[in-house]
There are 4 protein chains.
Amino acid sequence: MTEKVKAVVVGAGYWGPNLARNFQASNDWDLGAICDLDIERAEQVARSIGGAPVTSSFDEVLADPTVAAVAIATPARTHYPLVLAALDAGKHVMVEKPLADTWERGRAMVDKAQECGLILMADHTYCYTPAVLKMRELIAEGSLGDILFVDSTRINLGLIQPDVDVFWDLAPHDLSILDFVLPGGLDVNSVSAHGSDPLQTGTACIGYLALPLRGGAMAHVQVNWLSPTKIRRMVIGGTKRTLVWDDLNPQQRVSVYDRGVDIGTVSKATPADRREANISYRLGDTWAPALPEREALGGVVAELASAIREGRPARTSGESGLRVLSVLDAAQRSLGAGGAPAPLELDIRPRTAA
Amino acid sequence: MTEKVKAVVVGAGYWGPNLARNFQASNDWDLGAICDLDIERAEQVARSIGGAPVTSSFDEVLADPTVAAVAIATPARTHYPLVLAALDAGKHVMVEKPLADTWERGRAMVDKAQECGLILMADHTYCYTPAVLKMRELIAEGSLGDILFVDSTRINLGLIQPDVDVFWDLAPHDLSILDFVLPGGLDVNSVSAHGSDPLQTGTACIGYLALPLRGGAMAHVQVNWLSPTKIRRMVIGGTKRTLVWDDLNPQQRVSVYDRGVDIGTVSKATPADRREANISYRLGDTWAPALPEREALGGVVAELASAIREGRPARTSGESGLRVLSVLDAAQRSLGAGGAPAPLELDIRPRTAA
Amino acid sequence: MTEKVKAVVVGAGYWGPNLARNFQASNDWDLGAICDLDIERAEQVARSIGGAPVTSSFDEVLADPTVAAVAIATPARTHYPLVLAALDAGKHVMVEKPLADTWERGRAMVDKAQECGLILMADHTYCYTPAVLKMRELIAEGSLGDILFVDSTRINLGLIQPDVDVFWDLAPHDLSILDFVLPGGLDVNSVSAHGSDPLQTGTACIGYLALPLRGGAMAHVQVNWLSPTKIRRMVIGGTKRTLVWDDLNPQQRVSVYDRGVDIGTVSKATPADRREANISYRLGDTWAPALPEREALGGVVAELASAIREGRPARTSGESGLRVLSVLDAAQRSLGAGGAPAPLELDIRPRTAA
Amino acid sequence: MTEKVKAVVVGAGYWGPNLARNFQASNDWDLGAICDLDIERAEQVARSIGGAPVTSSFDEVLADPTVAAVAIATPARTHYPLVLAALDAGKHVMVEKPLADTWERGRAMVDKAQECGLILMADHTYCYTPAVLKMRELIAEGSLGDILFVDSTRINLGLIQPDVDVFWDLAPHDLSILDFVLPGGLDVNSVSAHGSDPLQTGTACIGYLALPLRGGAMAHVQVNWLSPTKIRRMVIGGTKRTLVWDDLNPQQRVSVYDRGVDIGTVSKATPADRREANISYRLGDTWAPALPEREALGGVVAELASAIREGRPARTSGESGLRVLSVLDAAQRSLGAGGAPAPLELDIRPRTAA
């Protein structure tokens with residue numbers, strides 16, 4: 001059995017307690033401390049998980065040579081300085097979504113980690129749910145065929161956030177999942193974003209993202225803070241089968257439909273030829289794979305340990321978090337341009353040798 | 001009791017039999033004939049409704065002075081010549097959706113009807129369903145408050161059409177309903193359309209329309225021919241309540257949610273003020289009005305009769321059909337421009353005096 | 001191609017028009033006439049299906065040597081005299097459910113048909129739906145393993161019937177389906193019926209049937225005229241898999257669950273041993289077979305033709321209808337005895353040699 | 001503010017941690033200790049709630065004069081001796097469901113508490129959920145009118161229990177809820193129970209209870225450990241409205257339907273008259289009251305404190321638990337008699353003066 005290494009959870013707010021509980025329960029990790037400027041909040045979290053050291057000093061954490069990794073669960077605007085400091089101190093880092101509050105800062109964080117030879121991992125928790133892992137597996141093994149379209153809906157009566165709009169609040173989930181399950185990752189040229197702020201709160205409460213994937217498929221994401229009902233639904237259409245993930249249906253979260261349209265192959269076909277060619281409709285069976293009940297965050301902390309041990313990027317790497325940021329960044333520019341498609345930020349900064 | 005007047009159904013294809021059956025069953029109408037170039041098809045429809053006269057000559061229909069109205073259920077590209085001829089012959093006209101295959105032709109048809117002083121009605125059948133009538137009523141009486149957003153989804157495994165894309169095939173339903181239920185009708189400045197043709201059939205099979213309404217709200221329409229599951233769902237969010245119409249749930253088609261976000265009114269508030277102002281969340285009851293079971297098309301033919309009798313535009317007038325066309329037309333231009341917002345066709349042709 | 005033979009539909013009430021339409025559309029049958037004492041009703045039905053001969057004289061129908069079969073869709077209390085007369089006249093007969101209004105009369109009808117060497121078929125329409133046919137096929141091929149239990153729910157706000165209770169009105173559907181899909185048919189020793197007439201209408205509006213199947217499994221049927229929601233759901237549990245038929249979910253009517261409890265086999269095991277033995281839980285995949293969209297009644301009239309042509313009992317034979325009656329009869333006696341289990345009517349009348 | 005009093009949780013198994021957490025969080029209570037023979041298990045629970053005293057000695061708990069109440073969460077067969085000892089020691093007692101493993105023991109426990117003038121409360125947790133509290137309120141205020149029927153379904157793939165059957169495992173939930181919400185409580189004359197043990201585990205895995213309520217309505221309970229799908233659904237039909245509680249639909253747990261059958265009142269009507277009288281059908285609106293999100297067990301421990309403080313029986317009293325036992329006891333006898341109705345145990349032991 002491998003020896004446990006020490007991790008510190010930074011930030012004892014909404015998400016920190018979940019991280020702390022999972023590091024505590026892990027066979028890979030010792031929970032070195034819970035760190036928060038508000039020491040009482042840190043103590044409360046420590047009590048809730050049956051006891052753990054606490055500290056209000058991030059510097060102390062960084063100075064401790066026995067700490068191998070820090071998990072940052074603080075507000076997005078603080079990620080940049082905290083992560084850079086941790087990397088400078090030689091710590092591996094896991095960060096809450098979104099990776100940073102701007103694409104440029106995310107870019108700098110990823111570069112820094114690479115320079116330092118340290119792991120920078122994005123805590124894209126959804127990617128470690130049994131449903132998303134199964135989706136990735138099915139797509140990877142070709143069960144769906146080539147991907148034709150993705151449609152994701154994430155709506156409910158949500159909290160109006162003071163500082164971020166509905167895109168930055170909710171879409172990172174959908175985008176990080178797309179990056180995780182699609183064969184080519186989140187590989188888009190441009191983004192069209194349509195938002196609305198009908199209550200005049202100063203930020204969009206309703207949003208739509210149209211993302212033409214480089215392979216020719218279309219991805220679309222709907223996010224909404226004003227919906228009276230809650231929907232968490234992603235449809236991934238393929239040439240062979242189409243998958244529907246309905247996260248609020250615990251009895252059948254993932255359904256795979258052998259239903260679709262087949263176009264007869266005609267060599268050198270023009271579109272008109274194809275239209276005239278034999279179009280047929282598949283109306284086959286539906287299949288819903290059994291999924292284990294397992295807390296995703298347990299997989300997250302295990303992946304962090306494995307990546308460090310094996311000296312490889314985490315499955316949800318900093319690069320992955322950066323691809324999410326690049327879409328959000330383009331979305332913001334599209335919104336500013338009245339919904340006109342905005343190209344993704346070019347990756348201009350030279351990369352260190354891979 | 002009012003005397004029955006004579007109507008002729010033109011086109012014995014998919015929709016014609018339904019029209020014929022409803023004219024036949026109506027207390028307002030005599031079904032004068034079923035007209036189709038393919039006389040056998042006309043005869044088959046006539047038999048299916050218990051017998052009716054048939055003809056293959058449209059000219060004969062127009063020449064018959066006892067025919068007051070014709071209902072055109074032929075392919076969209078034929079609407080323009082048939083409708084103009086019928087109006088020239090002094091007949092009132094009802095036309096299947098879409099009103100015409102281009103905005104310009106629709107414009108000419110509406111103008112012609114106005115010149116002739118005849119009714120031109122769009123057969124927007126959905127508008128006469130109990131659910132949509134109730135939606136219109138609730139919005140009109142202020143139950144939802146001001147409209148904040150509309151989101152409509154109309155997806156299923158549909159027939160790939162040889163000559164129209166998914167926008168022209170499905171979106172007229174959503175657009176005509178919006179025109180019917182919204183206080184200001186379908187009043188938009190521009191349209192952003194995102195489509196995808198992942199099977200390379202030559203026309204979009206997947207489509208999204210973002211429609212900023214002039215009042216500040218956002219309407220959005222999703223249409224898709226490749227979805228393995230069928231969804232017919234429209235959400236209309238208001239300042240007071242939000243309505244969800246789920247047409248595939250016969251036990252609760254329309255639900256009205258007293259759930260939403262309230263922003264405390266602050267005089268001369270800037271957006272920042274409003275954000276800081278008292279935001280509160282309503283989590284109230286849900287109410288689902290009882291709806292009668294009634295065939296919508298019965299209401300359509302009754303409305304045509306009433307409009308003629310009362311010398312007033314039909315509730316789903318030619319103008320309404322034209323507003324739908326203007327959005328489809330702009331959508332086409334937006335598609336051509338890679339999804340950039342396209343303004344609606346300006347109404348340049350001078351109108352005859354109202 | 002086989003020659004068409006002539007059938008007459010007797011009874012132009014609720015169900016007759018559907019029968020007439022399907023005989024009319026069949027390649028096996030000529031619709032000889034629609035027969036009803038109320039000739040205007042017969043004419044109305046004839047018109048609705050595009051024309052057919054009508055008559056008000058049942059005697060005339062029986063006297064016509066070209067009529068091979070009659071389909072009886074009259075009230076249950078008239079089945080006995082009409083069917084006996086038809087059999088006497090040498091006609092094959094199909095009868096609506098329930099076969100007769102008492103078990104004794106049903107018994108006599110079945111015997112008579114056997115004596116005459118004629119087909120007596122029960123119109124158990126549900127058995128010819130794609131869903132029930134698939135259920136029968138899956139059970140027959142062993143996909144579910146041994147049957148452990150059946151639970152059927154058939155409830156909605158139904159019409160309070162003046163002359164029959166909710167058991168006689170609704171349960172024949174469930175019972176005939178059980179007879180059709182279970183390997184041993186509807187093979188029960190006794191019936192416990194619990195009914196309630198809370199509105200004091202004179203007949204039960206709410207009913208429950210507990211039916212211990214001879215093989216050891218339990219079947220249970222719930223029927224209710226007072227439920228505000230509509231449920232049509234049957235669960236069939238087996239040692240290998242469990243099937244759920246939800247007839248109101250057109251997107252997934254039949255689901256097969258690889259979920260259940262396995263008991264490790266222990267030789268000479270007492271129950272206590274078995275309890276202690278290795279109990280394990282299967283939590284496998286769900287599978288929903290594709291089902292064609294097809295009108296069941298087309299299969300009914302085709303089966304009548306096949307049974308006549310091949311000189312074999314229909315798949316839903318008079319015997320099958322009689323087994324349904326025997327359960328209803330026992331249920332009535334159980335109700336009278338306050339819910340105590342009532343044995344099924346013994347088959348005392350000597351059968352002609354099989 | 002009232003002073004906190006001390007409670008001890010006895011039993012650190014499945015339910016104990018929840019009790020401990022809620023006593024800990026309560027403003028009414030000090031959690032005196034967690035008591036379990038397995039001291040390590042007690043310590044584990046104590047840690048999980050942020051620390052609490054532990055003990056393995058029940059005698060020590062009883063000897064501590066500062067302990068006002070004990071909450072017993074041990075196996076059912078141990079309730080009788082533990083509760084009697086606690087009452088003898090002058091402690092108020094709350095007990096998990098079922099109150100005891102036999103009706104006689106439950107009877108003795110209730111009598112003892114009455115003699116001692118101490119609170120004996122049944123932890124019928126479901127009764128303190130927002131949904132059940134709302135159901136009770138709606139029925140009490142007459143929103144449903146007179147109760148006509150109750151149908152409860154509680155099925156899923158459950159753990160086969162070694163020592164209790166599915167009735168004793170699951171039905172206490174339904175029965176305690178009925179006792180809580182019905183105006184007259186769980187007031188039945190007899191019980192018919194139908195069970196099945198198709199896997200031959202020695203105890204019923206599938207069960208049905210028919211419970212004619214004294215007021216004329218019928219209650220029915222379905223429990224099943226072998227269902228592949230999970231259903232938690234109760235329908236309560238009334239003369240005015242019918243309520244459906246679907247506990248697995250968090251977006252609309254409770255729906256109230258203004259749908260039903262009305263029988264015109266005819267003085268001195270015989271059933272035949274009533275049948276002929278004007279039957280009409282209400283097809284009105286559906287209403288789903290908003291329900292707070294709140295943990296039921298918080299209400300349980302608050303109710304125990306209030307009952308002690310106010311010197312009144314708890315809302316889910318020992319008597320209530322005894323009524324549940326009396327139905328389970330009769331069900332057992334009905335099962336033994338092949339499903340024949342079994343009368344409820346007469347209350348033969350003389351009660352001390354109220």
# chains A, B, ... in the order shown; residues from 1 in each chain; ligands from 1
>>> interface_residues(of="chain A", to="chain D", cutoff="10 Å", atoms="only C-alpha atoms", output="list in words")
Gln44, Val45, Ala46, Arg47, Ser48, Ile49, Gly50, Gly51, Pro228, Thr229, Lys230, Leu248, Asn249, Pro250, Gln251 and Gln252 of chain A
>>> write_last_selection(atoms="N, CA and C atoms", output="CSV table (one decimal), in the first residue's frame")
chain,number,residue,atom,x,y,z
A,44,GLN,N,-15.3,25.0,12.6
A,44,GLN,CA,-16.6,24.4,12.4
A,44,GLN,C,-16.6,23.3,11.4
A,45,VAL,N,-15.8,23.5,10.3
A,45,VAL,CA,-15.7,22.5,9.3
A,45,VAL,C,-15.0,21.3,9.9
A,46,ALA,N,-13.9,21.6,10.6
A,46,ALA,CA,-13.1,20.5,11.2
A,46,ALA,C,-14.0,19.6,12.1
A,47,ARG,N,-14.8,20.3,12.9
A,47,ARG,CA,-15.7,19.5,13.8
A,47,ARG,C,-16.6,18.7,13.0
A,48,SER,N,-17.2,19.2,11.9
A,48,SER,CA,-18.2,18.5,11.2
A,48,SER,C,-17.7,17.3,10.5
A,49,ILE,N,-16.4,17.1,10.4
A,49,ILE,CA,-15.8,15.9,9.8
A,49,ILE,C,-15.1,15.1,10.8
A,50,GLY,N,-15.4,15.4,12.1
A,50,GLY,CA,-14.8,14.5,13.2
A,50,GLY,C,-13.4,15.0,13.6
A,51,GLY,N,-13.1,16.2,13.3
A,51,GLY,CA,-11.8,16.8,13.9
A,51,GLY,C,-10.7,16.8,12.8
A,228,PRO,N,-38.5,28.1,-13.0
A,228,PRO,CA,-39.2,27.6,-11.8
A,228,PRO,C,-38.9,26.1,-11.6
A,229,THR,N,-38.6,25.4,-12.7
A,229,THR,CA,-38.4,24.0,-12.5
A,229,THR,C,-36.9,23.8,-12.8
A,230,LYS,N,-36.4,22.6,-12.3
A,230,LYS,CA,-35.0,22.3,-12.4
A,230,LYS,C,-34.8,21.3,-13.5
A,248,LEU,N,-31.5,14.3,-12.9
A,248,LEU,CA,-32.5,14.4,-11.9
A,248,LEU,C,-33.4,13.1,-11.9
A,249,ASN,N,-33.1,12.2,-12.7
A,249,ASN,CA,-33.8,10.9,-12.7
A,249,ASN,C,-32.9,9.8,-12.2
A,250,PRO,N,-32.9,9.6,-10.9
A,250,PRO,CA,-31.9,8.7,-10.3
A,250,PRO,C,-32.2,7.2,-10.8
A,251,GLN,N,-33.4,6.9,-11.2
A,251,GLN,CA,-33.7,5.6,-11.6
A,251,GLN,C,-33.2,5.3,-13.1
A,252,GLN,N,-32.9,6.3,-13.8
A,252,GLN,CA,-32.4,6.1,-15.2
A,252,GLN,C,-31.7,7.3,-15.6
>>> residues_around(residues="Met218 (chain A)", least_positions_apart="2", cutoff="10 Å", atoms="only C-alpha atoms", output="list in words")
Ile147, Leu148, Phe149, Val150, Asp151, Val188, Ala210, Leu211, Pro212, Leu213, Arg214, Gly215, Gly216, His220 and Gly237 of chain A; His194, Gly195, Ser196, Asp197, Pro198, Ile206 and Gly207 of chain B
>>> write_last_selection(atoms="N, CA, C and O atoms", output="PDB file, in the first residue's frame")
ATOM      1  N   ILE A 147     -19.777  12.018 -33.197  1.00  0.00           N
ATOM      2  CA  ILE A 147     -20.683  12.929 -32.481  1.00  0.00           C
ATOM      3  C   ILE A 147     -21.277  13.931 -33.477  1.00  0.00           C
ATOM      4  O   ILE A 147     -20.549  14.578 -34.235  1.00  0.00           O
ATOM      5  N   LEU A 148     -22.602  14.055 -33.442  1.00  0.00           N
ATOM      6  CA  LEU A 148     -23.308  14.963 -34.352  1.00  0.00           C
ATOM      7  C   LEU A 148     -23.731  16.255 -33.677  1.00  0.00           C
ATOM      8  O   LEU A 148     -23.718  17.321 -34.279  1.00  0.00           O
ATOM      9  N   PHE A 149     -24.153  16.131 -32.425  1.00  0.00           N
ATOM     10  CA  PHE A 149     -24.580  17.348 -31.713  1.00  0.00           C
ATOM     11  C   PHE A 149     -24.598  17.078 -30.219  1.00  0.00           C
ATOM     12  O   PHE A 149     -24.678  15.931 -29.786  1.00  0.00           O
ATOM     13  N   VAL A 150     -24.486  18.171 -29.476  1.00  0.00           N
ATOM     14  CA  VAL A 150     -24.613  18.110 -28.024  1.00  0.00           C
ATOM     15  C   VAL A 150     -25.538  19.238 -27.602  1.00  0.00           C
ATOM     16  O   VAL A 150     -25.378  20.373 -28.065  1.00  0.00           O
ATOM     17  N   ASP A 151     -26.500  18.910 -26.760  1.00  0.00           N
ATOM     18  CA  ASP A 151     -27.394  19.945 -26.241  1.00  0.00           C
ATOM     19  C   ASP A 151     -27.485  19.793 -24.732  1.00  0.00           C
ATOM     20  O   ASP A 151     -27.871  18.741 -24.227  1.00  0.00           O
ATOM     21  N   VAL A 188     -13.431  24.203 -30.043  1.00  0.00           N
ATOM     22  CA  VAL A 188     -14.334  25.067 -30.801  1.00  0.00           C
ATOM     23  C   VAL A 188     -13.568  26.250 -31.371  1.00  0.00           C
ATOM     24  O   VAL A 188     -12.553  26.675 -30.835  1.00  0.00           O
ATOM     25  N   ALA A 210     -23.891  28.928 -28.280  1.00  0.00           N
ATOM     26  CA  ALA A 210     -23.803  28.063 -29.454  1.00  0.00           C
ATOM     27  C   ALA A 210     -22.331  27.874 -29.784  1.00  0.00           C
ATOM     28  O   ALA A 210     -21.599  28.855 -29.944  1.00  0.00           O
ATOM     29  N   LEU A 211     -21.912  26.623 -29.837  1.00  0.00           N
ATOM     30  CA  LEU A 211     -20.496  26.293 -29.966  1.00  0.00           C
ATOM     31  C   LEU A 211     -20.281  25.328 -31.127  1.00  0.00           C
ATOM     32  O   LEU A 211     -20.409  24.113 -30.949  1.00  0.00           O
ATOM     33  N   PRO A 212     -19.983  25.834 -32.298  1.00  0.00           N
ATOM     34  CA  PRO A 212     -19.701  24.914 -33.398  1.00  0.00           C
ATOM     35  C   PRO A 212     -18.410  24.154 -33.099  1.00  0.00           C
ATOM     36  O   PRO A 212     -17.350  24.773 -32.949  1.00  0.00           O
ATOM     37  N   LEU A 213     -18.501  22.844 -32.964  1.00  0.00           N
ATOM     38  CA  LEU A 213     -17.300  22.049 -32.691  1.00  0.00           C
ATOM     39  C   LEU A 213     -16.495  21.910 -33.970  1.00  0.00           C
ATOM     40  O   LEU A 213     -17.040  21.889 -35.079  1.00  0.00           O
ATOM     41  N   ARG A 214     -15.178  21.789 -33.789  1.00  0.00           N
ATOM     42  CA  ARG A 214     -14.319  21.782 -34.961  1.00  0.00           C
ATOM     43  C   ARG A 214     -14.625  20.599 -35.881  1.00  0.00           C
ATOM     44  O   ARG A 214     -14.459  20.659 -37.087  1.00  0.00           O
ATOM     45  N   GLY A 215     -15.100  19.510 -35.329  1.00  0.00           N
ATOM     46  CA  GLY A 215     -15.397  18.332 -36.137  1.00  0.00           C
ATOM     47  C   GLY A 215     -16.657  18.471 -36.975  1.00  0.00           C
ATOM     48  O   GLY A 215     -16.989  17.586 -37.768  1.00  0.00           O
ATOM     49  N   GLY A 216     -17.402  19.571 -36.812  1.00  0.00           N
ATOM     50  CA  GLY A 216     -18.601  19.766 -37.615  1.00  0.00           C
ATOM     51  C   GLY A 216     -19.881  19.693 -36.803  1.00  0.00           C
ATOM     52  O   GLY A 216     -20.933  20.129 -37.265  1.00  0.00           O
ATOM     53  N   HIS A 220     -24.504  23.092 -27.814  1.00  0.00           N
ATOM     54  CA  HIS A 220     -25.329  24.203 -27.349  1.00  0.00           C
ATOM     55  C   HIS A 220     -25.557  24.039 -25.858  1.00  0.00           C
ATOM     56  O   HIS A 220     -25.774  22.924 -25.372  1.00  0.00           O
ATOM     57  N   GLY A 237     -25.791  13.417 -29.431  1.00  0.00           N
ATOM     58  CA  GLY A 237     -26.242  12.651 -30.585  1.00  0.00           C
ATOM     59  C   GLY A 237     -25.071  12.145 -31.397  1.00  0.00           C
ATOM     60  O   GLY A 237     -24.134  12.901 -31.671  1.00  0.00           O
TER      61      GLY A 237
ATOM     62  N   HIS B 194     -28.623  29.660 -35.205  1.00  0.00           N
ATOM     63  CA  HIS B 194     -27.505  28.729 -35.245  1.00  0.00           C
ATOM     64  C   HIS B 194     -28.042  27.389 -35.691  1.00  0.00           C
ATOM     65  O   HIS B 194     -28.953  26.850 -35.067  1.00  0.00           O
ATOM     66  N   GLY B 195     -27.502  26.892 -36.780  1.00  0.00           N
ATOM     67  CA  GLY B 195     -27.997  25.629 -37.304  1.00  0.00           C
ATOM     68  C   GLY B 195     -26.854  24.681 -37.550  1.00  0.00           C
ATOM     69  O   GLY B 195     -25.680  25.076 -37.585  1.00  0.00           O
ATOM     70  N   SER B 196     -27.209  23.443 -37.717  1.00  0.00           N
ATOM     71  CA  SER B 196     -26.190  22.442 -37.956  1.00  0.00           C
ATOM     72  C   SER B 196     -26.762  21.359 -38.861  1.00  0.00           C
ATOM     73  O   SER B 196     -27.935  20.998 -38.750  1.00  0.00           O
ATOM     74  N   ASP B 197     -25.926  20.892 -39.725  1.00  0.00           N
ATOM     75  CA  ASP B 197     -26.325  19.857 -40.686  1.00  0.00           C
ATOM     76  C   ASP B 197     -25.306  18.712 -40.580  1.00  0.00           C
ATOM     77  O   ASP B 197     -24.562  18.442 -41.517  1.00  0.00           O
ATOM     78  N   PRO B 198     -25.262  18.070 -39.435  1.00  0.00           N
ATOM     79  CA  PRO B 198     -24.146  17.148 -39.197  1.00  0.00           C
ATOM     80  C   PRO B 198     -24.191  15.913 -40.094  1.00  0.00           C
ATOM     81  O   PRO B 198     -23.162  15.265 -40.283  1.00  0.00           O
ATOM     82  N   ILE B 206     -30.766  20.735 -37.064  1.00  0.00           N
ATOM     83  CA  ILE B 206     -30.733  21.172 -35.671  1.00  0.00           C
ATOM     84  C   ILE B 206     -30.691  22.686 -35.718  1.00  0.00           C
ATOM     85  O   ILE B 206     -29.893  23.247 -36.477  1.00  0.00           O
ATOM     86  N   GLY B 207     -31.526  23.337 -34.911  1.00  0.00           N
ATOM     87  CA  GLY B 207     -31.521  24.782 -34.995  1.00  0.00           C
ATOM     88  C   GLY B 207     -31.864  25.473 -33.689  1.00  0.00           C
ATOM     89  O   GLY B 207     -32.601  24.935 -32.858  1.00  0.00           O
TER      90      GLY B 207
END
>>> closest_residue(among="B:Val54, B:Ala331, B:Ala25, B:Leu344", to="Ser190 (chain B)", atoms="only C-alpha atoms")
B:Leu344
>>> residues_around(residues="region 298-302 of chain B", least_positions_apart="5", cutoff="8 Å", atoms="only C-alpha atoms", output="list of chain:residue names")
B:Asn22, B:Phe23, B:Ser26, B:Asp28, B:Asp123, B:Thr125, B:Tyr128
>>> atom_distance(atom1="CA of Gly238 (chain B)", atom2="CA of Leu328 (chain B)")
25.5 Å
>>> residues_around(residues="Ile231 (chain A)", least_positions_apart="3", cutoff="12 Å", atoms="only C-alpha atoms", output="PyMOL selection string")
(chain A and resi 152-158+222-228+234+245-249) or (chain D and resi 251)
